[in-house]
Amino acid sequence: MSVRGQFSSKLGFVLAAAGSAVGLGNIWGFPTQVASNGGAAFVLVYLILTFLLAYPILMAELVIGRYSQSNMVNALQGISQGPVSKLSGKLSGYWALTVVCLILSFYSIVAGWMLAYALASITDLLGLEQTSLWLTAFSTPRNLIFCFIFSLLTVGIVHKGVSDGIEKWSARLMPLLLILLISLIIFVATLDGAALGWEVYVIPDFAKILHSDLLISALGQAFFSLSLGVGTMLIYGSYVSKKENIVTLGAQVTLVDIGIAILAGMLIIPAMYVAQHNGVTIFTEAGELINGDRLIFTVIPELFTAMGDLGNVISFVFFSLMAIAAVTSSISMLEVPVAYTVENSSQPRSRVTWLIGAIIVLISTSIVFNFELLFGAVISFTTQYSQPLLGLVLSLFAGWVWRRDSILSELKLGCPEIEHSLFWKIWPSYVRFVCPVIILVMFYHSVFN
Ligand code: PHE
């Protein structure tokens with residue numbers, strides 16, 4: 001078999017790329033950010049940034065990937081002409097590799113919590129109260145064990161390769177998630193306290209919109225949620241057949257990603273106010289979120305406790321689906337360093353996968369042991385700063401480094417009619433001028449405010 005796999009169908013790509021995009025970023029990250037950054041104001045800024053910035057850069061990543069048929073390090077060098085841009089391409093590629101490994105290392109910890117909570121619903125059903133308590137209490141051993149189990153799952157799927165592993169899993173599991181989310185939203189909306197949550201979620205407080213914390217968080221969230229900047233989408237783009245219309249595919253992935261995030265907010269934000277109504281403390285007196293990273297683990301179980309055994313069953317399904325959504329993202333992260341190593345060495349895919357998996361588990365372990373110090377720091381370094389800056393790099397490569405005729409002919413493959421579209425008229429200059437300027441201005445604003 002050749003090293004380079006390919007998605008077996010268009011739907012396969014959309015599901016796998018949407019599977020990468022939809023994950024803890026939507027269901028854990030997004031609602032938490034909404035709750036800590038003033039509700040609807042954050043939602044609005046996030047939506048604007050996704051359309052204005054994240055989608056155009058997603059397109060750059062996909063097009064570069066499909067054209068180069070390789071990983072980010074080789075791809076950025078491949079579209080460069082001079083030695084300086086080749087070197088910057090290589091360095092940016094390495095930066096992306098590092099960032100994606102760091103993201104995976106904190107991601108596996110949170111995904112491990114999902115597994116622990118799923119298991120706790122079963123032990124609860126079986127009457128094993130002590131075990132459930134252990135599973136749901138924050139502790140180093142628990143965090144470590146479940147992070148390890150989750151990492152094993154990720155490695156197990158990735159070592160099988162593209163269409164066997166990644167595509168099959170995404171296609172099976174994504175639709176199930178959607179059904180459960182919608183049912184839970186309807187259920188929660190009927191509970192006391194939910195109305196206040198809906199108000200916070202849909203009515204923006206415009207005074208908060210230009211706050212620099214909100215802007216930079218929304219920017220990071222938009223990039224994190226679409227898996228941008230770190231080479232994931234570039235790799236997935238390289239697996240798309242040249243016969244496909246890549247512009248529409250990218251738009252579909254973006255819409256699915258936004259859709260799931262918005263739905264997750266419709267569940268978690270009202271649920272948060274239901275919990276508060278029931279006496280759970282969510283905010284400090286100063287209005288700050290308590291343990292933001294654990295918000296959904298406080299709020300969701302609270303919903304189910306009153307429902308007895310049925311609650312345990314739903315809670316099991318909910319947390320299992322979260323873990324599954326996380327797996328379809330984590331496999332796309334691990335694919336980045338794996339594809340790079342496989343393409344640049346003679347090592348077999350499965351050995352490379354296990355080795356890199358082991359390195360990432362070591363990083364996760366250091367984070368677990370130094371949780372207060374490292375967890376938040378790694379998240380902001382990777383998602384708030386590195387991802388948007390790598391997005392800037394990608395837009396510079398697509399807009400300035402890559403030859404214009406070559407990018408245009410790659411875009412046209414699979415959809416010659418694109419020449420008559422608005423996208424065709426706007427996008428090439430847009431990634432060249434507008435995207436870099438918006439990112440730079442936002443960074444300036446956040447650093448100097
Ligand atoms: N987009 C994923 C999520 O929302 C996270 C991710 C980031 C995946 C970077 C791949 C690369 O959970």
# chains A, B, ... in the order shown; residues from 1 in each chain; ligands from 1
>>> residues_near_ligand(ligand="ligand 1", cutoff="8 Å", atoms="only C-alpha atoms and all ligand atoms", output="CSV table (one decimal) with C-alpha atoms, in the first residue's frame")
chain,number,residue,atom,x,y,z
A,20,SER,CA,-12.0,16.7,13.6
A,21,ALA,CA,-13.6,20.1,14.0
A,22,VAL,CA,-16.4,19.0,16.3
A,23,GLY,CA,-15.1,18.0,19.6
A,24,LEU,CA,-14.4,19.2,23.1
A,25,GLY,CA,-13.9,22.7,21.5
A,26,ASN,CA,-17.5,22.8,20.7
A,27,ILE,CA,-19.0,21.1,23.7
A,29,GLY,CA,-14.7,24.9,25.2
A,100,VAL,CA,-0.7,20.1,17.8
A,103,ILE,CA,-3.0,20.4,22.2
A,104,LEU,CA,-3.4,16.7,22.1
A,107,TYR,CA,-7.1,17.4,25.1
A,223,PHE,CA,-9.4,28.7,15.3
A,224,PHE,CA,-9.4,25.9,17.8
A,225,SER,CA,-12.9,24.8,16.9
A,226,LEU,CA,-12.1,24.5,13.2
A,227,SER,CA,-8.8,22.7,14.0
A,228,LEU,CA,-6.9,25.4,12.2
A,229,GLY,CA,-3.3,26.4,11.9
A,230,VAL,CA,-1.7,23.2,13.1
A,231,GLY,CA,-1.8,21.1,9.9
A,232,THR,CA,-4.8,18.9,10.7
A,233,MET,CA,-6.9,20.4,7.9
A,257,ASP,CA,-18.8,23.0,13.3
A,325,ALA,CA,-16.6,13.4,19.6
A,326,ALA,CA,-13.2,13.9,21.3
A,329,SER,CA,-10.8,15.1,16.9
A,330,SER,CA,-7.8,13.5,18.7
A,332,SER,CA,-7.0,14.1,13.5
A,333,MET,CA,-4.4,15.7,15.8
>>> residues_around(residues="A:Phe42", least_positions_apart="4", cutoff="7 Å", atoms="only C-alpha atoms", output="PDB file with N, CA and C atoms, in the first residue's frame")
ATOM      1  N   VAL A  34     -18.345  31.083  26.504  1.00  0.00           N
ATOM      2  CA  VAL A  34     -19.552  31.915  26.499  1.00  0.00           C
ATOM      3  C   VAL A  34     -19.877  32.326  27.932  1.00  0.00           C
ATOM      4  N   ASN A  37     -17.284  34.857  29.239  1.00  0.00           N
ATOM      5  CA  ASN A  37     -17.085  36.116  28.505  1.00  0.00           C
ATOM      6  C   ASN A  37     -18.392  36.821  28.156  1.00  0.00           C
ATOM      7  N   GLY A  38     -19.331  36.795  29.077  1.00  0.00           N
ATOM      8  CA  GLY A  38     -20.510  37.632  28.881  1.00  0.00           C
ATOM      9  C   GLY A  38     -21.535  37.133  27.885  1.00  0.00           C
ATOM     10  N   TYR A  46     -17.633  35.520  18.079  1.00  0.00           N
ATOM     11  CA  TYR A  46     -17.150  34.227  17.596  1.00  0.00           C
ATOM     12  C   TYR A  46     -17.688  33.926  16.197  1.00  0.00           C
ATOM     13  N   LEU A 214     -12.205  39.314  25.505  1.00  0.00           N
ATOM     14  CA  LEU A 214     -13.252  38.645  24.744  1.00  0.00           C
ATOM     15  C   LEU A 214     -12.796  38.423  23.310  1.00  0.00           C
ATOM     16  N   ALA A 218     -12.273  34.796  21.644  1.00  0.00           N
ATOM     17  CA  ALA A 218     -13.140  34.384  20.537  1.00  0.00           C
ATOM     18  C   ALA A 218     -12.305  34.006  19.319  1.00  0.00           C
TER      19      ALA A 218
END
>>> residues_around(residues="A:Ile79", least_positions_apart="2", cutoff="12 Å", atoms="only C-alpha atoms", output="PyMOL selection string")
chain A and resi 63-70+72-77+81-83+85-90+394+396-407
>>> closest_residue(among="A:Val43, A:Ile269, A:Leu249, A:Ile379", to="A:Trp198", atoms="only C-alpha atoms")
A:Ile269
>>> residues_around(residues="A:Ser217", least_positions_apart="3", cutoff="8 Å", atoms="only C-alpha atoms", output="count of residues only")
6
>>> residues_around(residues="A:Ala207", least_positions_apart="2", cutoff="12 Å", atoms="only C-alpha atoms", output="ChimeraX atom specification")
/A:37-42,203-205,209-212,214
>>> write_last_selection(atoms="N, CA and C atoms", output="tab-separated table (two decimals), in the first residue's frame")
chain	number	residue	atom	x	y	z
A	37	ASN	N	-17.28	34.86	29.24
A	37	ASN	CA	-17.09	36.12	28.50
A	37	ASN	C	-18.39	36.82	28.16
A	38	GLY	N	-19.33	36.79	29.08
A	38	GLY	CA	-20.51	37.63	28.88
A	38	GLY	C	-21.54	37.13	27.88
A	39	GLY	N	-21.69	35.83	27.76
A	39	GLY	CA	-22.83	35.29	27.00
A	39	GLY	C	-22.87	35.66	25.53
A	40	ALA	N	-24.02	36.20	25.11
A	40	ALA	CA	-24.28	36.40	23.69
A	40	ALA	C	-23.24	37.29	22.99
A	41	ALA	N	-22.61	38.21	23.74
A	41	ALA	CA	-21.60	39.07	23.12
A	41	ALA	C	-20.49	38.20	22.54
A	42	PHE	N	-20.10	37.20	23.32
A	42	PHE	CA	-19.05	36.29	22.86
A	42	PHE	C	-19.52	35.51	21.63
A	203	ILE	N	-29.20	37.39	24.14
A	203	ILE	CA	-29.23	38.86	24.12
A	203	ILE	C	-27.85	39.42	24.43
A	204	PRO	N	-27.15	39.95	23.43
A	204	PRO	CA	-25.77	40.40	23.68
A	204	PRO	C	-25.70	41.68	24.50
A	205	ASP	N	-24.67	41.75	25.33
A	205	ASP	CA	-24.38	42.96	26.07
A	205	ASP	C	-23.29	43.67	25.26
A	209	ILE	N	-18.44	43.85	23.95
A	209	ILE	CA	-17.95	43.30	22.69
A	209	ILE	C	-16.50	43.65	22.35
A	210	LEU	N	-16.06	44.87	22.64
A	210	LEU	CA	-14.69	45.21	22.24
A	210	LEU	C	-13.64	44.94	23.32
A	211	HIS	N	-14.07	44.30	24.37
A	211	HIS	CA	-13.15	43.96	25.44
A	211	HIS	C	-12.04	43.06	24.88
A	212	SER	N	-10.77	43.38	25.17
A	212	SER	CA	-9.69	42.66	24.48
A	212	SER	C	-9.64	41.17	24.87
A	214	LEU	N	-12.21	39.31	25.51
A	214	LEU	CA	-13.25	38.64	24.74
A	214	LEU	C	-12.80	38.42	23.31
>>> decode(residues="stretch 133-202 of chain A", atoms="C-alpha atoms", output="CSV table (one decimal), in the first residue's frame")
chain,number,residue,atom,x,y,z
A,133,LEU,CA,-17.5,9.2,43.9
A,134,TRP,CA,-13.8,8.4,43.1
A,135,LEU,CA,-14.5,8.7,39.3
A,136,THR,CA,-16.1,12.1,39.6
A,137,ALA,CA,-13.8,13.6,42.1
A,138,PHE,CA,-10.8,15.6,40.7
A,139,SER,CA,-7.6,13.7,41.5
A,140,THR,CA,-4.2,13.1,40.0
A,141,PRO,CA,-4.6,9.2,39.8
A,142,ARG,CA,-8.0,9.5,38.1
A,143,ASN,CA,-6.8,12.1,35.7
A,144,LEU,CA,-3.8,10.0,34.8
A,145,ILE,CA,-5.6,6.7,34.3
A,146,PHE,CA,-8.3,8.0,32.1
A,147,CYS,CA,-6.0,10.2,30.1
A,148,PHE,CA,-4.0,7.1,29.5
A,149,ILE,CA,-7.0,5.1,28.4
A,150,PHE,CA,-8.2,7.8,26.0
A,151,SER,CA,-4.7,8.0,24.5
A,152,LEU,CA,-4.7,4.3,23.9
A,153,LEU,CA,-8.0,4.7,22.0
A,154,THR,CA,-6.6,7.4,19.9
A,155,VAL,CA,-3.4,5.5,19.0
A,156,GLY,CA,-5.4,2.3,18.4
A,157,ILE,CA,-7.5,4.0,15.7
A,158,VAL,CA,-4.7,6.1,14.1
A,159,HIS,CA,-2.3,3.2,13.6
A,160,LYS,CA,-4.9,1.6,11.3
A,161,GLY,CA,-4.7,4.5,8.7
A,162,VAL,CA,-7.1,6.8,7.0
A,163,SER,CA,-10.1,5.0,5.5
A,164,ASP,CA,-10.0,2.0,7.8
A,165,GLY,CA,-9.8,3.9,11.0
A,166,ILE,CA,-10.6,7.5,10.8
A,167,GLU,CA,-13.3,7.6,8.2
A,168,LYS,CA,-15.3,4.7,9.4
A,169,TRP,CA,-15.5,5.9,13.0
A,170,SER,CA,-16.4,9.5,12.1
A,171,ALA,CA,-19.2,8.4,9.8
A,172,ARG,CA,-20.8,6.1,12.4
A,173,LEU,CA,-20.7,8.4,15.4
A,174,MET,CA,-21.3,12.0,14.4
A,175,PRO,CA,-25.1,11.7,13.6
A,176,LEU,CA,-25.8,10.0,17.0
A,177,LEU,CA,-24.3,13.0,18.8
A,178,LEU,CA,-26.6,15.4,17.0
A,179,ILE,CA,-29.7,13.5,18.0
A,180,LEU,CA,-28.7,13.4,21.7
A,181,LEU,CA,-27.8,17.1,21.8
A,182,ILE,CA,-31.2,18.2,20.4
A,183,SER,CA,-33.2,15.9,22.7
A,184,LEU,CA,-31.3,17.3,25.7
A,185,ILE,CA,-31.8,20.9,24.7
A,186,ILE,CA,-35.5,20.4,24.5
A,187,PHE,CA,-35.5,18.6,27.9
A,188,VAL,CA,-33.4,21.3,29.6
A,189,ALA,CA,-35.5,24.1,28.1
A,190,THR,CA,-38.5,22.9,30.1
A,191,LEU,CA,-36.7,23.1,33.5
A,192,ASP,CA,-37.0,25.9,36.0
A,193,GLY,CA,-34.2,28.5,35.6
A,194,ALA,CA,-33.5,27.7,32.0
A,195,ALA,CA,-35.2,30.9,30.7
A,196,LEU,CA,-32.6,33.1,32.3
A,197,GLY,CA,-29.9,31.0,30.6
A,198,TRP,CA,-31.5,31.5,27.2
A,199,GLU,CA,-31.6,35.3,27.9
A,200,VAL,CA,-27.9,35.4,28.6
A,201,TYR,CA,-27.2,33.2,25.5
A,202,VAL,CA,-29.2,35.2,23.0
